[in-house]
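*Asks:* File follows, protein-v8.cif with mmCIF, C-alpha atoms:
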```cif
data_structure
#
loop_
_atom_site.label_atom_id
_atom_site.label_comp_id
_atom_site.auth_asym_id
_atom_site.auth_seq_id
_atom_site.Cartn_x
_atom_site.Cartn_y
_atom_site.Cartn_z
CA MET A 1 0.00 0.00 0.00
CA ARG A 2 1.29 3.50 -0.83
CA THR A 3 0.10 7.05 -0.12
CA VAL A 4 -0.95 9.56 -2.81
CA VAL A 5 -1.67 13.17 -1.69
CA GLY A 6 -3.77 12.43 1.38
CA GLU A 7 -5.09 9.17 -0.05
CA THR A 8 -3.79 5.62 0.02
CA VAL A 9 -3.55 3.24 -2.91
CA GLN A 10 -4.15 -0.48 -2.52
CA PRO A 11 -5.01 -3.47 -4.74
CA CYS A 12 -8.64 -4.45 -5.27
CA PRO A 13 -9.41 -7.68 -3.37
CA GLU A 14 -11.63 -8.78 -6.26
CA CYS A 15 -9.58 -8.12 -9.43
CA GLY A 16 -6.24 -6.80 -8.16
CA ALA A 17 -6.55 -3.42 -9.89
CA GLU A 18 -5.12 -0.37 -8.14
CA ILE A 19 -7.76 1.55 -6.20
CA ARG A 20 -7.61 4.85 -4.31
CA VAL A 21 -8.78 4.95 -0.71
CA ASP A 22 -10.05 8.01 1.16
CA SER A 23 -10.95 7.13 4.75
CA ARG A 24 -13.95 9.49 4.62
CA PHE A 25 -15.64 7.57 1.81
CA THR A 26 -16.45 4.05 0.66
CA THR A 27 -13.56 2.04 -0.77
CA TRP A 28 -14.42 0.59 -4.18
CA CYS A 29 -12.93 -0.54 -7.48
CA ALA A 30 -13.56 1.34 -10.71
CA ALA A 31 -12.32 -1.61 -12.80
CA CYS A 32 -14.76 -4.28 -11.57
CA ASP A 33 -17.28 -2.25 -9.48
CA TRP A 34 -16.36 -4.14 -6.32
CA ASN A 35 -18.13 -2.56 -3.34
CA VAL A 36 -19.57 0.24 -5.52
CA ASP A 37 -22.86 0.26 -3.59
CA PRO A 38 -22.38 -1.59 -0.29
CA ALA A 39 -25.33 -0.09 1.57
CA ARG A 40 -28.33 0.65 -0.59
CA PRO A 41 -30.81 3.03 1.08
CA GLU A 42 -33.92 1.46 2.56
CA GLU A 43 -36.88 1.71 0.23
CA LYS A 44 -40.19 2.89 1.58
CA PRO A 45 -42.48 -0.09 2.16
CA GLY A 46 -45.84 -0.54 0.50
CA ARG A 47 -47.19 -1.68 -2.83
CA LEU A 48 -48.04 1.86 -3.94
CA ALA A 49 -44.53 3.20 -3.25
CA GLY A 50 -42.95 0.21 -5.00
CA ALA A 51 -45.16 0.65 -8.06
CA ARG A 52 -44.26 4.34 -8.25
CA ARG A 53 -40.53 3.59 -8.11
CA ALA A 54 -40.84 1.00 -10.88
CA LEU A 55 -42.91 3.33 -13.07
CA ALA A 56 -40.47 6.22 -12.55
CA ARG A 57 -37.55 4.13 -13.73
CA ARG A 58 -39.45 2.59 -16.67
CA HIS A 59 -40.79 5.87 -18.02
CA GLY A 60 -37.47 7.63 -17.43
CA GLU A 61 -35.59 5.00 -19.44
CA LYS A 62 -38.17 5.06 -22.24
CA LEU A 63 -38.08 8.85 -22.61
CA LEU A 64 -34.28 8.86 -22.60
CA ALA A 65 -34.25 6.18 -25.31
CA GLU A 66 -36.56 8.34 -27.43
CA VAL A 67 -34.26 11.36 -27.07
CA MET A 68 -31.13 9.35 -27.88
CA ALA A 69 -32.89 7.94 -30.94
CA GLY A 70 -33.37 11.46 -32.28
CA GLY A 71 -36.76 12.24 -30.77
CA THR A 72 -37.69 15.59 -29.28
CA LEU A 73 -39.12 16.48 -25.90
CA ARG A 74 -41.88 19.06 -25.75
CA ALA A 75 -44.70 19.91 -23.37
CA ARG A 76 -48.01 18.63 -24.67
CA ARG A 77 -51.42 17.40 -23.60
CA ASP A 78 -52.11 13.80 -24.67
CA LEU A 79 -54.87 11.26 -24.08
CA SER A 80 -53.37 10.25 -20.73
CA SER A 81 -53.53 13.84 -19.52
CA VAL A 82 -57.19 14.12 -20.55
CA LEU A 83 -58.02 10.87 -18.76
CA ALA A 84 -56.15 12.07 -15.66
CA TYR A 85 -58.24 15.25 -15.60
CA THR A 86 -61.38 13.12 -15.97
CA VAL A 87 -60.42 10.90 -13.03
CA ALA A 88 -59.55 13.98 -10.95
CA LEU A 89 -62.91 15.58 -11.72
CA VAL A 90 -64.68 12.38 -10.66
CA VAL A 91 -62.77 12.48 -7.36
CA HIS A 92 -63.79 16.09 -6.79
CA GLY A 93 -67.34 15.20 -7.83
CA MET A 94 -67.48 12.62 -5.04
CA THR A 95 -66.41 15.29 -2.55
CA LEU A 96 -69.14 17.57 -3.86
CA ALA A 97 -71.69 14.75 -3.61
CA LEU A 98 -70.73 14.16 0.03
CA ALA A 99 -71.20 17.86 0.77
CA ALA A 100 -74.58 17.90 -1.00
CA GLY A 101 -75.68 14.78 0.88
CA GLY A 102 -74.61 16.29 4.18
CA ILE A 103 -76.58 19.48 3.48
CA TRP A 104 -79.66 17.43 2.52
CA PHE A 105 -79.55 15.37 5.72
CA VAL A 106 -79.05 18.46 7.89
CA VAL A 107 -81.89 20.41 6.24
CA ARG A 108 -84.37 17.52 6.12
CA GLY A 109 -83.55 16.20 9.57
CA TRP A 110 -82.90 19.44 11.43
CA GLY A 111 -83.23 18.81 15.14
CA GLY A 112 -83.56 15.03 14.65
CA LEU A 113 -81.28 12.04 14.36
CA TRP A 114 -80.68 12.66 10.63
CA THR A 115 -78.61 15.69 11.61
CA VAL A 116 -75.84 13.38 12.86
CA PRO A 117 -75.04 11.70 9.50
CA GLY A 118 -75.45 15.09 7.84
CA VAL A 119 -72.81 16.68 10.05
CA PHE A 120 -70.57 13.64 9.54
CA LEU A 121 -70.82 13.89 5.73
CA LEU A 122 -70.13 17.63 5.83
CA ALA A 123 -67.07 17.10 8.03
CA LEU A 124 -65.82 14.37 5.69
CA ALA A 125 -66.34 16.55 2.62
CA TRP A 126 -64.53 19.43 4.34
CA SER A 127 -61.47 17.23 5.00
CA LEU A 128 -61.47 16.10 1.35
CA ARG A 129 -61.98 19.53 -0.21
CA PRO A 130 -59.52 20.83 -2.82
CA ARG A 131 -57.01 22.98 -0.97
CA THR A 132 -54.47 25.36 -2.39
CA PRO A 133 -51.10 25.42 -0.60
CA ARG A 134 -50.26 28.28 1.72
CA LEU A 135 -47.04 30.11 2.40
CA PRO A 136 -44.85 28.33 4.97
CA GLU A 137 -44.83 30.04 8.34
CA ASP A 138 -41.67 28.58 9.90
CA VAL A 139 -38.99 29.67 7.39
CA PRO A 140 -37.58 33.05 6.31
CA LEU A 141 -39.59 34.62 3.47
CA LEU A 142 -38.13 37.18 1.07
CA ARG A 143 -40.11 39.71 -0.97
CA ARG A 144 -38.81 41.89 -3.77
CA ALA A 145 -37.91 44.74 -1.43
CA ASP A 146 -35.86 42.34 0.71
CA ALA A 147 -33.73 40.89 -2.10
CA PRO A 148 -33.88 43.01 -5.29
CA ALA A 149 -30.72 41.50 -6.82
CA LEU A 150 -31.89 37.91 -6.24
CA PHE A 151 -35.35 38.66 -7.64
CA ALA A 152 -33.77 40.37 -10.66
CA LEU A 153 -31.77 37.21 -11.36
CA VAL A 154 -34.87 35.06 -10.95
CA ASP A 155 -36.78 37.35 -13.34
CA GLU A 156 -34.02 37.10 -15.93
CA VAL A 157 -34.00 33.30 -15.74
CA ALA A 158 -37.82 33.28 -15.90
CA ARG A 159 -37.79 35.35 -19.09
CA GLU A 160 -35.38 32.86 -20.61
CA ALA A 161 -37.81 30.09 -19.58
CA GLY A 162 -40.72 31.92 -21.21
CA THR A 163 -42.59 32.54 -17.98
CA ARG A 164 -42.86 35.17 -15.24
CA GLY A 165 -40.92 35.34 -12.00
CA VAL A 166 -42.05 34.50 -8.49
CA ASP A 167 -43.79 36.54 -5.81
CA VAL A 168 -42.01 35.16 -2.74
CA ILE A 169 -38.77 33.28 -2.09
CA ALA A 170 -38.63 30.97 0.93
CA VAL A 171 -35.31 29.89 2.42
CA ASP A 172 -35.27 26.57 4.27
CA ALA A 173 -32.89 23.88 5.57
CA GLU A 174 -33.42 21.27 2.83
CA PHE A 175 -30.76 20.09 0.38
CA ASN A 176 -33.24 20.86 -2.36
CA ALA A 177 -35.17 23.56 -4.21
CA SER A 178 -38.76 23.70 -5.45
CA VAL A 179 -41.53 25.89 -6.84
CA MET A 180 -45.24 25.91 -6.19
CA THR A 181 -48.36 28.01 -6.70
CA TYR A 182 -50.12 29.14 -3.54
CA GLY A 183 -53.36 30.91 -2.65
CA VAL A 184 -56.51 31.45 -4.67
CA ARG A 185 -54.81 34.12 -6.82
CA GLY A 186 -52.19 31.68 -8.07
CA ARG A 187 -49.13 33.45 -6.67
CA ARG A 188 -45.75 31.78 -7.07
CA LEU A 189 -43.29 30.62 -4.42
CA LEU A 190 -39.68 29.58 -4.98
CA THR A 191 -38.08 27.65 -2.13
CA LEU A 192 -34.29 27.57 -1.92
CA GLY A 193 -32.60 25.14 0.44
CA VAL A 194 -29.56 26.87 1.92
CA PRO A 195 -27.50 23.62 2.20
CA LEU A 196 -27.82 23.13 -1.57
CA TRP A 197 -27.58 26.79 -2.59
CA GLU A 198 -24.45 27.45 -0.53
CA THR A 199 -22.54 24.51 -2.03
CA LEU A 200 -23.22 25.55 -5.65
CA GLY A 201 -21.19 27.87 -7.82
CA PRO A 202 -22.77 30.88 -9.60
CA ARG A 203 -23.42 28.97 -12.85
CA GLN A 204 -24.84 25.98 -11.01
CA ARG A 205 -27.19 28.28 -9.09
CA ILE A 206 -28.48 29.73 -12.36
CA ALA A 207 -28.98 26.18 -13.65
CA LEU A 208 -30.93 25.38 -10.49
CA LEU A 209 -33.16 28.41 -10.99
CA GLY A 210 -33.64 27.48 -14.64
CA HIS A 211 -34.76 23.98 -13.68
CA GLU A 212 -37.26 25.17 -11.08
CA LEU A 213 -38.74 27.99 -13.15
CA GLY A 214 -38.92 25.68 -16.16
CA HIS A 215 -41.58 23.69 -14.30
CA TYR A 216 -44.13 26.48 -14.76
CA GLY A 217 -44.48 25.88 -18.48
CA ASN A 218 -43.66 22.24 -19.22
CA GLY A 219 -47.02 20.46 -19.01
CA ASP A 220 -46.64 18.73 -15.63
CA THR A 221 -50.23 17.51 -15.18
CA ARG A 222 -49.69 15.91 -11.80
CA HIS A 223 -48.80 19.15 -10.05
CA GLY A 224 -51.58 21.20 -11.62
CA ALA A 225 -54.47 22.53 -9.56
CA VAL A 226 -57.07 19.93 -10.66
CA VAL A 227 -55.01 16.73 -10.56
CA GLY A 228 -52.78 17.83 -7.69
CA THR A 229 -55.71 18.51 -5.36
CA ALA A 230 -57.32 15.22 -6.43
CA TYR A 231 -54.13 13.44 -5.33
CA ARG A 232 -54.40 15.06 -1.92
CA SER A 233 -58.06 14.03 -1.62
CA LEU A 234 -57.25 10.43 -2.59
CA THR A 235 -54.35 10.36 -0.13
CA THR A 236 -56.77 11.45 2.60
CA TRP A 237 -59.20 8.68 1.58
CA HIS A 238 -56.35 6.17 1.68
CA PHE A 239 -55.45 7.31 5.20
CA TYR A 240 -59.06 6.89 6.35
CA PHE A 241 -59.34 3.36 4.97
CA SER A 242 -55.85 2.13 5.88
CA PRO A 243 -56.10 -0.87 8.22
CA THR A 244 -54.98 -0.66 11.81
CA PRO A 245 -51.59 -2.39 12.06
CA ASN A 246 -51.45 -5.41 14.38
CA PRO A 247 -55.12 -5.29 15.51
CA THR A 248 -55.62 -6.57 19.06
CA THR A 249 -59.41 -6.50 19.46
CA ALA A 250 -62.31 -8.04 17.56
CA MET A 251 -63.64 -4.57 16.75
CA GLN A 252 -60.33 -3.53 15.16
CA MET A 253 -60.29 -6.72 13.10
CA LEU A 254 -63.88 -6.12 11.97
CA ILE A 255 -63.11 -2.52 10.98
CA ASN A 256 -60.02 -3.66 9.06
CA LEU A 257 -62.12 -6.22 7.19
CA ALA A 258 -64.80 -3.65 6.35
CA CYS A 259 -62.16 -1.18 5.06
CA LEU A 260 -60.30 -3.75 2.96
CA VAL A 261 -62.23 -3.31 -0.30
CA PRO A 262 -62.50 0.53 -0.10
CA CYS A 263 -58.77 0.72 0.63
CA TRP A 264 -58.01 -1.40 -2.44
CA LEU A 265 -60.29 0.77 -4.57
CA VAL A 266 -58.64 4.01 -3.47
CA GLN A 267 -55.19 2.49 -3.96
CA GLY A 268 -56.24 1.37 -7.43
CA VAL A 269 -57.36 4.88 -8.37
CA LEU A 270 -54.08 6.31 -7.07
CA MET A 271 -52.11 3.81 -9.15
CA LEU A 272 -54.26 4.68 -12.17
CA LEU A 273 -53.50 8.38 -11.75
CA ASP A 274 -49.83 7.50 -11.41
CA ARG A 275 -49.87 5.66 -14.72
CA LEU A 276 -51.78 8.46 -16.45
CA THR A 277 -49.59 11.30 -15.18
CA LEU A 278 -46.13 9.87 -14.63
CA ARG A 279 -45.01 10.06 -18.26
CA ALA A 280 -45.92 13.77 -18.40
CA THR A 281 -44.22 14.32 -15.04
CA GLN A 282 -41.06 12.57 -16.22
CA ARG A 283 -41.10 14.58 -19.44
CA ALA A 284 -41.52 17.75 -17.37
CA GLU A 285 -38.36 16.92 -15.38
CA TYR A 286 -36.32 16.36 -18.52
CA LEU A 287 -37.65 19.62 -19.98
CA ALA A 288 -36.79 21.44 -16.74
CA ASP A 289 -33.26 20.03 -16.99
CA ARG A 290 -33.07 21.37 -20.55
CA MET A 291 -34.01 24.80 -19.23
CA ALA A 292 -31.33 24.44 -16.54
CA ALA A 293 -28.76 23.88 -19.27
CA ARG A 294 -30.11 26.75 -21.35
CA ALA A 295 -29.95 29.20 -18.45
CA GLY A 296 -26.68 28.14 -16.81
CA SER A 297 -24.99 25.98 -19.52
CA THR A 298 -24.90 22.23 -20.05
CA VAL A 299 -21.74 21.93 -17.98
CA ALA A 300 -23.39 23.69 -15.00
CA ALA A 301 -26.54 21.56 -15.28
CA VAL A 302 -24.47 18.35 -15.30
CA GLU A 303 -22.50 19.58 -12.30
CA LEU A 304 -25.81 20.23 -10.55
CA MET A 305 -26.83 16.60 -11.17
CA ASP A 306 -23.52 15.43 -9.70
CA ARG A 307 -24.04 17.61 -6.63
CA LEU A 308 -27.46 16.04 -6.05
CA LEU A 309 -25.87 12.59 -6.15
CA VAL A 310 -23.62 13.43 -3.16
CA ALA A 311 -26.43 14.92 -1.07
CA ASP A 312 -25.86 12.21 1.57
CA SER A 313 -22.37 13.52 2.17
CA ALA A 314 -23.76 17.00 2.83
CA ALA A 315 -26.31 15.55 5.25
CA THR A 316 -23.57 13.65 7.12
CA THR A 317 -21.49 16.82 7.43
CA LEU A 318 -24.40 18.86 8.78
CA ARG A 319 -25.30 16.16 11.32
CA ARG A 320 -21.69 16.12 12.45
CA GLU A 321 -21.83 19.90 12.90
CA VAL A 322 -25.00 19.51 14.98
CA ASN A 323 -23.32 16.90 17.19
CA ASN A 324 -20.24 19.08 17.63
CA ALA A 325 -22.40 22.03 18.68
CA ARG A 326 -24.28 19.93 21.21
CA VAL A 327 -21.14 18.38 22.66
CA GLY A 328 -19.68 21.88 23.05
CA GLY A 329 -22.44 22.80 25.52
CA PRO A 330 -23.77 26.32 26.23
CA ARG A 331 -20.62 28.01 24.99
CA ALA A 332 -20.99 26.41 21.56
CA ALA A 333 -24.72 27.15 21.63
CA ARG A 334 -23.96 30.84 22.11
CA LYS A 335 -21.64 30.75 19.12
CA THR A 336 -24.48 29.48 16.91
CA GLU A 337 -26.30 32.76 17.51
CA ASP A 338 -23.73 34.44 15.26
CA PRO A 339 -24.97 34.42 11.63
CA ALA A 340 -21.32 34.19 10.50
CA ASP A 341 -20.57 31.04 12.48
CA GLY A 342 -18.90 29.43 9.46
CA LEU A 343 -21.31 26.51 9.09
CA TRP A 344 -21.90 27.06 5.38
CA GLU A 345 -18.23 27.71 4.70
CA ARG A 346 -17.30 24.40 6.33
CA LEU A 347 -20.01 22.57 4.40
CA THR A 348 -18.87 24.14 1.11
CA ALA A 349 -15.24 23.21 1.85
CA HIS A 350 -16.23 19.61 2.53
CA MET A 351 -18.26 19.30 -0.66
CA ALA A 352 -15.37 20.76 -2.67
CA SER A 353 -13.00 18.21 -1.11
CA ILE A 354 -15.01 15.18 -2.31
CA PRO A 355 -12.63 13.34 -4.67
CA ASP A 356 -13.58 12.53 -8.25
CA HIS A 357 -13.57 8.78 -7.60
CA GLU A 358 -16.29 9.22 -4.94
CA ARG A 359 -18.43 11.23 -7.35
CA GLU A 360 -17.96 8.50 -9.96
CA ARG A 361 -18.93 5.83 -7.39
CA GLN A 362 -22.11 7.74 -6.61
CA ARG A 363 -22.94 7.95 -10.33
CA ARG A 364 -22.49 4.20 -10.76
CA ALA A 365 -24.35 3.40 -7.56
CA GLY A 366 -27.18 5.69 -8.66
CA ALA A 367 -27.41 3.82 -11.95
CA LEU A 368 -27.58 0.48 -10.13
CA ARG A 369 -30.27 1.47 -7.65
CA GLY A 370 -32.19 3.88 -9.89
CA HIS A 371 -31.47 6.84 -7.58
CA SER A 372 -33.90 9.73 -7.92
CA VAL A 373 -34.94 12.73 -5.84
CA ASP A 374 -38.35 11.11 -5.32
CA THR A 375 -40.73 8.72 -7.09
CA THR A 376 -41.89 11.38 -9.57
CA HIS A 377 -38.38 12.18 -10.86
CA PRO A 378 -36.49 10.11 -13.43
CA PRO A 379 -33.38 8.48 -11.95
CA THR A 380 -30.64 11.09 -11.68
CA HIS A 381 -28.18 9.21 -13.90
CA LEU A 382 -30.78 9.20 -16.70
CA ARG A 383 -31.32 12.94 -16.32
CA ARG A 384 -27.56 13.44 -16.52
CA ALA A 385 -27.32 11.27 -19.64
CA CYS A 386 -30.15 13.22 -21.29
CA LEU A 387 -28.30 16.50 -20.71
CA LEU A 388 -25.25 15.09 -22.50
CA VAL A 389 -27.20 14.19 -25.65
CA GLY A 390 -26.21 16.59 -28.43
CA PRO A 391 -23.75 19.49 -28.40
CA PRO A 392 -23.24 21.41 -25.12
CA VAL A 393 -25.28 24.59 -24.67
CA PRO A 394 -23.65 27.84 -23.42
CA ALA A 395 -25.17 29.89 -20.61
CA ALA A 396 -27.87 32.37 -21.62
CA VAL A 397 -27.93 34.15 -18.26
CA GLY A 398 -24.79 35.82 -16.97
CA ILE A 399 -23.67 36.79 -13.49
CA ASP A 400 -20.69 38.86 -12.39
CA ASP A 401 -18.86 39.19 -9.08
CA ASP A 402 -20.75 42.34 -8.06
CA ARG A 403 -24.14 40.74 -8.63
CA GLU A 404 -23.04 37.64 -6.76
CA ARG A 405 -21.90 39.72 -3.78
CA ARG A 406 -25.21 41.61 -3.65
CA ILE A 407 -27.20 38.37 -3.72
CA THR A 408 -25.01 36.91 -0.98
CA ALA A 409 -25.56 40.01 1.17
CA GLU A 410 -29.34 39.80 0.67
CA LEU A 411 -29.33 36.18 1.87
CA THR A 412 -27.07 36.77 4.88
CA ASP A 413 -29.81 37.12 7.46
CA ALA A 414 -31.80 34.15 6.14
CA ARG A 415 -28.78 31.86 5.89
CA GLY A 416 -27.86 32.76 9.47
CA LYS A 417 -31.37 31.90 10.70
CA VAL A 418 -31.30 28.57 8.89
CA ALA A 419 -27.83 27.77 10.28
CA ARG A 420 -28.97 28.48 13.84
CA ARG A 421 -32.08 26.36 13.36
CA ILE A 422 -30.08 23.40 12.06
CA LEU A 423 -27.60 23.58 14.94
CA ARG A 424 -30.43 23.92 17.43
CA ASP A 425 -32.98 21.42 16.07
CA GLY A 426 -30.83 19.07 14.00
CA PHE A 427 -30.77 18.25 10.30
CA GLU A 428 -33.35 15.86 8.93
CA GLY A 429 -32.73 16.16 5.18
#
```
For this file, write the structure as C-alpha cells.
*Replies:*
Amino acid sequence: MRTVVGETVQPCPECGAEIRVDSRFTTWCAACDWNVDPARPEEKPGRLAGARRALARRHGEKLLAEVMAGGTLRARRDLSSVLAYTVALVVHGMTLALAAGGIWFVVRGWGGLWTVPGVFLLALAWSLRPRTPRLPEDVPLLRRADAPALFALVDEVAREAGTRGVDVIAVDAEFNASVMTYGVRGRRLLTLGVPLWETLGPRQRIALLGHELGHYGNGDTRHGAVVGTAYRSLTTWHFYFSPTPNPTTAMQMLINLACLVPCWLVQGVLMLLDRLTLRATQRAEYLADRMAARAGSTVAAVELMDRLLVADSAATTLRREVNNARVGGPRAARKTEDPADGLWERLTAHMASIPDHERERQRRAGALRGHSVDTTHPPTHLRRACLLVGPPVPAAVGIDDDRERRITAELTDARGKVARRILRDGFEG
C-alpha cells in the first residue's frame, strides 16, 4: 500500500486493480465495481410506493431512449392527460356529492337524528376539499424589497424560460429547491434550500433556478391545480381506509375487514392516476433540466446533477456539525447565535474536497439502484445522460462578481437563521 496526496492506494481484493482509498468515503474498485454500492438506502415499504418507483424508472428509461434515438421532448397534452383530468374531476365530484348529501340530511332532519349523518358527511367533505397550498410560516420569506438582486436574477432566468418570475422566495434547511403556486390568486413561491444553494457555484445556481422555473411551463399535469388537489383528496381517503396495524381486538379486526375493499379501490385509483400522469411528469423533469442547461450551460446543469448525487455527504457533514455544537455545551450554543458562524463555509469546503472517484462511485451506484430525488423524478443518472445528448449549450444568463456579492448580502440574514435552526434542532434532510 502507498500514499498519494492524502489518499492511500491499494489493490482491489476482487480483481487486483489499483484503487484509491479516502478514509472518509467508501472504498471501491472502478475496474470491476467491487463494493460500488455496499449499503443501498432502505426503500419505503408498500405496494403503492414500490409501483411508483418502478414506473419512474421505466418511463425515465423510455423517454431517454426516445431522445437518444433522435426524438424531441416538448410539453403537450395527450390522451393520458385528458383521462387524468377526468379521473380527478370524478374524485372532486365525489367530494361535492358528500357535501350535498350532508346538506340534505341536515336540512331535512334538522333537530332530529338525521342531523348526525349530515354533520358527519359535511365534516368528511370538508377534509377532502380541494385545498391550495399556503405560504410556509416557519422559514424566512423574502419579498422583492428584501432581495432586489436575487429577484432580478430570478426574473431574468424566468424570461429565458418563457414565464414570469415569483412573488415570494422561501429559504429553508433542505438540500433541495422547489416551486409551487399558492393561494386562490395563483401566486408563485420559490423555495431555496440553503444547504444546496451554498454549495453551488454561480453557474450551477443559475442552472438550479432554470430547472425550477422551467416547471411552470412544461405540461406537468400531476402538479396542476385539478389533478394535484385530487391526489391530496385520494391520499386522505387512503389514510381513512388504511387498516390498523397489528389489531388486538375483535372490533379492530372487523373494521379492518370492512375497510379492505375501499382501501383497495382508493389504492387502485391512485395507481391509475400514477400511470396516467407519470409520463408527463417525467417529461416535465427532462424539460426542466433542458431549461437548466439553457440558463446556466450544459456543464453547469451536469455539475448540478452530480451535486445532487452526493447529497448524503452534505447531510452527514451537517449532522456532524450539529453533534459538535451539542457536545460543546452552552458556549458552543452561544456561538451558533452568530450568523457568520462558518457553518456554510465548512459545508462548502467539505463538498469541494469530495474526490472525483467518490463522485464516480455515486454515479455508478445511482445507476444500479435507480437513484432519484423522489418517485416522480427520473433516476438522476438518466437525467444526466439526457443533458449530455447533443452538443453542449452555453449559458444564456450571466452573473458577475458584483451581482453575486449583492445576492449573498441579501441572503445573509436568512442563511444565518437557517444555520442556527439546524444547529439547534438538527438536520433531517
*Asks:* Any idea what the distance is between atom CA of A:Val168 and atom CA of A:Ile206?
*Replies:* 17.5 Å
*Asks:* Measuring atom to atom with only C-alpha atoms, identify which of A:Asp155, A:Glu428, A:Asp146, A:Asp413 is nearest to A:Ala295.
*Replies:*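 Nearest candidate to A:Ala295 out of A:Asp155, A:Glu428, A:Asp146, A:Asp413: A:Asp155.
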*Asks:* Have a look at A:Met351, A:Ala292, A:Val302, A:Leu308 and name the one nearest to A:Leu388; count all atoms listed in the file.
*Replies:* A:Val302
*Asks:* Between A:Pro148, A:Thr86, A:Leu64, A:Asp78, which one has atoms that come closest to A:Arg383, using all atoms listed in the file?
*Replies:*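 Using all atoms listed in the file, the shortest distance to A:Arg383 belongs to A:Leu64.
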*Asks:* For A:Arg279, which of A:Arg326, A:Ile407, A:Leu128, A:His377 is the closest residue, counting all atoms listed in the file?
*Replies:*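 Comparing A:Arg326, A:Ile407, A:Leu128, A:His377 against A:Arg279, the winner is A:His377.
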